[in-house]
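A.B. asks: I am sharing run-v6.csv, which consists of CSV, C-alpha atoms:
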```csv
chain,number,residue,atom,x,y,z
A,65,MET,CA,45.9,28.8,49.2
A,66,ILE,CA,45.9,30.1,45.6
A,67,ARG,CA,42.7,31.5,44.3
A,68,SER,CA,41.5,31.3,40.7
A,69,ILE,CA,39.5,34.3,39.6
A,70,ILE,CA,36.5,33.6,37.4
A,71,VAL,CA,35.1,36.7,35.7
A,72,SER,CA,31.8,36.9,33.9
A,73,LEU,CA,30.3,39.9,32.1
A,74,ALA,CA,26.9,41.0,33.3
A,75,GLY,CA,24.5,43.3,31.7
A,76,LEU,CA,25.6,42.7,28.1
A,77,SER,CA,23.4,44.0,25.4
A,78,PHE,CA,22.1,41.7,22.7
A,79,CYS,CA,21.6,42.6,19.0
A,80,ALA,CA,18.7,41.7,16.8
A,81,ASN,CA,16.7,39.2,18.9
A,82,ALA,CA,15.8,39.2,22.5
A,83,ALA,CA,17.9,36.6,24.2
A,84,VAL,CA,16.5,33.2,25.2
A,85,THR,CA,17.2,32.7,28.9
A,86,TYR,CA,18.5,29.4,30.2
A,87,GLN,CA,17.5,29.5,33.9
A,88,LEU,CA,19.5,27.2,36.2
A,89,ILE,CA,17.6,25.7,39.2
A,90,THR,CA,19.3,23.7,41.9
A,91,ASN,CA,17.7,20.6,43.1
A,92,THR,CA,17.5,20.7,46.9
A,93,ALA,CA,16.6,17.0,47.1
A,94,ASN,CA,19.6,16.0,44.9
A,95,PRO,CA,22.5,18.6,44.9
A,96,LYS,CA,24.2,16.7,42.1
A,97,GLN,CA,21.5,17.8,39.7
A,98,VAL,CA,20.6,21.2,38.3
A,99,THR,CA,17.5,21.7,36.1
A,100,ILE,CA,17.8,24.1,33.2
A,101,GLN,CA,14.6,25.6,31.6
A,102,ALA,CA,14.2,28.0,28.7
A,103,ASP,CA,11.0,29.8,27.6
A,104,THR,CA,10.9,29.3,23.8
A,105,SER,CA,7.2,30.2,23.3
A,106,ASP,CA,8.1,33.3,21.2
A,107,LEU,CA,10.5,31.5,18.8
A,108,GLY,CA,8.0,29.7,16.6
A,109,THR,CA,9.9,26.9,14.8
A,110,PHE,CA,13.6,26.7,15.7
A,111,GLN,CA,16.6,24.2,15.7
A,112,LEU,CA,18.5,23.2,18.8
A,113,SER,CA,22.2,22.2,18.2
A,114,LYS,CA,24.3,20.1,20.4
A,115,PRO,CA,26.5,21.8,22.9
A,116,ARG,CA,30.2,22.3,22.1
A,117,THR,CA,32.0,19.3,23.6
A,118,THR,CA,35.5,18.3,24.8
A,119,HIS,CA,35.9,14.7,25.8
A,120,VAL,CA,32.4,13.7,26.8
A,121,PRO,CA,30.4,12.2,24.0
A,122,ASP,CA,27.1,12.4,25.9
A,123,VAL,CA,24.9,15.4,25.5
A,124,PRO,CA,21.8,16.3,27.6
A,125,ASP,CA,18.5,14.7,26.9
A,126,ILE,CA,16.2,17.7,26.4
A,127,GLN,CA,12.5,17.7,26.7
A,128,CYS,CA,10.2,19.9,24.6
A,129,ILE,CA,7.2,21.0,26.6
A,130,SER,CA,4.2,22.0,24.5
A,131,SER,CA,1.8,24.8,25.5
A,132,ALA,CA,-0.6,22.1,26.6
A,133,GLY,CA,2.1,20.7,28.9
A,134,GLN,CA,3.0,17.6,26.9
A,135,ALA,CA,6.6,16.5,26.9
A,136,SER,CA,8.6,15.0,24.0
A,137,ASN,CA,12.3,14.4,23.4
A,138,VAL,CA,14.1,16.9,21.3
A,139,SER,CA,16.1,15.7,18.3
A,140,TYR,CA,19.1,18.0,17.7
A,141,ASP,CA,19.4,19.9,14.4
A,142,THR,CA,15.7,19.2,13.6
A,143,PRO,CA,13.1,21.9,13.4
A,144,ILE,CA,10.9,22.0,16.5
A,145,SER,CA,8.3,24.2,18.1
A,146,CYS,CA,8.1,24.2,21.9
A,147,HIS,CA,6.7,26.4,24.7
A,148,GLN,CA,9.6,25.4,26.9
A,149,LEU,CA,12.8,23.4,26.9
A,150,LEU,CA,13.8,21.5,30.0
A,151,TRP,CA,16.8,19.3,30.8
A,152,THR,CA,18.9,18.2,33.8
A,153,VAL,CA,22.7,18.4,34.2
A,154,THR,CA,24.4,16.0,36.7
A,155,PHE,CA,27.4,17.4,38.5
A,156,GLN,CA,30.4,15.5,39.8
A,157,ALA,CA,31.1,16.1,43.5
A,158,LYS,CA,34.6,17.6,44.2
A,159,THR,CA,36.3,14.9,46.2
A,160,SER,CA,39.8,16.4,46.8
A,161,ASP,CA,41.4,19.7,47.2
A,162,GLU,CA,42.1,19.9,43.5
A,163,PHE,CA,39.8,21.4,40.9
A,164,GLU,CA,40.7,22.3,37.3
A,165,PRO,CA,38.2,24.4,35.5
A,166,ALA,CA,40.0,23.8,32.2
A,167,GLN,CA,38.8,20.2,32.3
A,168,GLN,CA,35.2,21.5,31.6
A,169,VAL,CA,33.6,19.1,34.1
A,170,ASP,CA,30.4,20.2,35.7
A,171,THR,CA,31.4,20.1,39.4
A,172,TYR,CA,30.0,21.0,42.8
A,173,SER,CA,31.5,21.1,46.2
A,174,PRO,CA,29.3,19.6,48.9
A,175,ASP,CA,31.5,21.0,51.7
A,176,GLU,CA,31.8,24.6,50.3
A,177,GLY,CA,28.5,24.9,48.6
A,178,TRP,CA,29.6,26.1,45.2
A,179,TYR,CA,28.8,24.9,41.7
A,180,PHE,CA,30.8,25.1,38.4
A,181,LEU,CA,28.9,24.6,35.1
A,182,SER,CA,30.8,24.6,31.8
A,183,GLU,CA,29.0,25.5,28.6
A,184,TRP,CA,30.8,22.5,27.0
A,185,ASN,CA,28.7,19.3,27.1
A,186,SER,CA,25.8,21.0,28.9
A,187,LEU,CA,24.4,24.0,27.1
A,188,PRO,CA,23.0,23.6,23.6
A,189,THR,CA,22.6,26.5,21.2
A,190,ILE,CA,19.6,27.7,19.3
A,191,ALA,CA,20.2,28.6,15.6
A,192,GLY,CA,20.1,32.4,15.1
A,193,GLN,CA,19.3,33.2,18.8
A,194,ASP,CA,21.3,35.0,21.5
A,195,ILE,CA,21.2,33.1,24.7
A,196,GLN,CA,21.8,34.2,28.3
A,197,VAL,CA,22.5,31.8,31.1
A,198,CYS,CA,21.2,32.8,34.5
A,199,ASP,CA,22.4,31.0,37.7
A,200,PRO,CA,20.0,30.3,40.6
A,201,ASP,CA,20.9,33.8,42.0
A,202,ASN,CA,19.8,35.4,38.7
A,203,LEU,CA,23.3,36.5,37.7
A,204,CYS,CA,23.2,36.2,34.0
A,205,SER,CA,25.9,35.9,31.3
A,206,ALA,CA,25.8,35.8,27.5
A,207,MET,CA,26.5,32.5,25.9
A,208,PRO,CA,29.6,33.0,23.6
A,209,ASN,CA,29.7,32.1,20.0
A,210,SER,CA,31.7,29.2,18.6
A,211,GLU,CA,34.8,31.3,18.1
A,212,GLN,CA,34.9,32.5,21.7
A,213,PRO,CA,36.1,30.7,24.8
A,214,PRO,CA,33.4,28.6,26.6
A,215,LEU,CA,31.2,30.1,29.3
A,216,PHE,CA,31.8,29.1,32.9
A,217,VAL,CA,28.8,29.6,35.2
A,218,VAL,CA,29.8,29.6,38.9
A,219,TRP,CA,27.5,30.2,41.9
A,220,GLY,CA,27.3,29.5,45.6
A,221,MET,CA,30.2,31.7,46.6
A,222,PRO,CA,30.8,35.3,47.4
A,223,TYR,CA,31.2,37.8,44.5
A,224,GLU,CA,32.0,41.4,43.8
A,225,ARG,CA,30.4,43.6,41.2
A,226,MET,CA,32.8,46.0,39.5
A,227,ASN,CA,32.1,48.7,36.9
A,228,ILE,CA,34.7,48.9,34.2
A,229,GLY,CA,33.8,51.6,31.7
A,230,PRO,CA,30.2,50.9,30.5
A,231,SER,CA,30.3,47.3,31.6
A,232,THR,CA,29.7,45.6,34.9
A,233,ILE,CA,31.7,42.5,35.7
A,234,ILE,CA,31.2,40.0,38.5
A,235,VAL,CA,34.3,38.6,40.1
A,236,LYS,CA,34.2,35.3,42.0
A,237,ALA,CA,37.1,33.8,43.9
A,238,MET,CA,37.2,30.0,43.8
A,239,PRO,CA,39.5,28.2,46.1
A,240,CYS,CA,42.0,26.0,44.3
A,241,HIS,CA,44.7,24.0,46.0
A,242,TYR,CA,47.8,22.9,44.2
```
How does this structure look as structure tokens?

C.D. replies:
Amino acid sequence: MIRSIIVSLAGLSFCANAAVTYQLITNTANPKQVTIQADTSDLGTFQLSKPRTTHVPDVPDIQCISSAGQASNVSYDTPISCHQLLWTVTFQAKTSDEFEPAQQVDTYSPDEGWYFLSEWNSLPTIAGQDIQVCDPDNLCSAMPNSEQPPLFVVWGMPYERMNIGPSTIIVKAMPCHY
């Protein structure tokens, strides 16, 4: 068995603005779905841009939740003001021994209990805002800018924390069969 190593940086500092947190929440009733919520109450008016994409033309339908609890659909690249953003990502079940992270497909393994979420196709950006993405175990990673490689968020498997200089990294071993 060959193992792929997925490394995410943890504890990164952010510049001018406090980061908006995208919190991932697994759906115990439907393991193929993960809900993502973000508190945007301190942003005032902002613009949500579509996620970077590879081969999937569909982007998530995102709900804008007002402070009164009313929900409306978000139009990308249009000024909005919301108390919270909320959307669902549907994962594909891993059906064979093969898994290729480079395909950027949101995948979960029903047998092994892990999840793989790619930034591409699933995580929109907010103009002028730093974003951190936190898995259900509250391990958080900074969302990269458009010039950087995409963010992979993986949870449901053992991990190790390692201090390298001033940074802490989290190393997860994901089984891959070739």

A.B. asks: Pick the closest to Val218 (chain A) from A:Thr171, A:Gln127, A:Gln134, A:Thr189: which is it, counting all atoms listed in the file?

C.D. replies: A:Thr171

A.B. asks: Write out as a list in words each polymer residue whose atoms come within 8 Å of region 172-185 of chain A, counting all atoms listed in the file; drop sequence neighbours fewer than 5 positions from it.

C.D. replies: Pro95, Lys96, Pro115, Arg116, Thr117, Thr118, Val120, Pro121, Asp122, Val123, Pro124, Phe155, Gln156, Ala157, Lys158, Thr159, Pro165, Met207, Pro214, Leu215, Phe216, Val217, Val218, Trp219, Gly220 and Met221 of chain A

A.B. asks: Taking into account only C-alpha atoms, which residue in the set A:Thr109, A:Thr99, A:Ser160, A:Ser145 is nearest to Gln87 (chain A)?

C.D. replies: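 Ranking A:Thr109, A:Thr99, A:Ser160, A:Ser145 by distance to Gln87 (chain A), first place goes to A:Thr99.
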
A.B. asks: Considering all atoms listed in the file, state which residue in the set A:Val153, A:Ile144, A:Ile126, A:Ile228 is at the smallest distance from Asn94 (chain A).

C.D. replies: A:Val153

A.B. asks: Which is closest to Leu203 (chain A) among A:Thr85, A:Asn91, A:Ser131, A:Asn137, if we use all atoms listed in the file?

C.D. replies: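 The answer is A:Thr85, which sits nearest to Leu203 (chain A).
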
A.B. asks: So what do you get for CA of Ser210 (chain A) versus CA of Pro188 (chain A), distance-wise?

C.D. replies: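 If I compute the distance from CA of Ser210 (chain A) to CA of Pro188 (chain A), I get 11.5 Å.
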
A.B. asks: Using only C-alpha atoms, can you tell me which of A:Phe163, A:Ser113, A:Asp125, A:Ala102 comes closest to Cys146 (chain A)?

C.D. replies: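 Going through A:Phe163, A:Ser113, A:Asp125, A:Ala102 one by one, the smallest distance to Cys146 (chain A) is for A:Ala102.
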
A.B. asks: Can you work out the spacing between CA of Val84 (chain A) and CA of Lys114 (chain A) in Å, to one decimal?

C.D. replies: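 CA of Val84 (chain A) sits 16.0 Å away from CA of Lys114 (chain A).
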
A.B. asks: Between A:Ala132, A:Leu112, A:Ala166, A:Leu107, which one has atoms that come closest to Ala82 (chain A), using only C-alpha atoms?

C.D. replies: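 Result for the nearest residue to Ala82 (chain A): A:Leu107.
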
A.B. asks: Which distance in Å separates CA of Glu211 (chain A) and CA of Gln168 (chain A), to one decimal?

C.D. replies: 16.7 Å
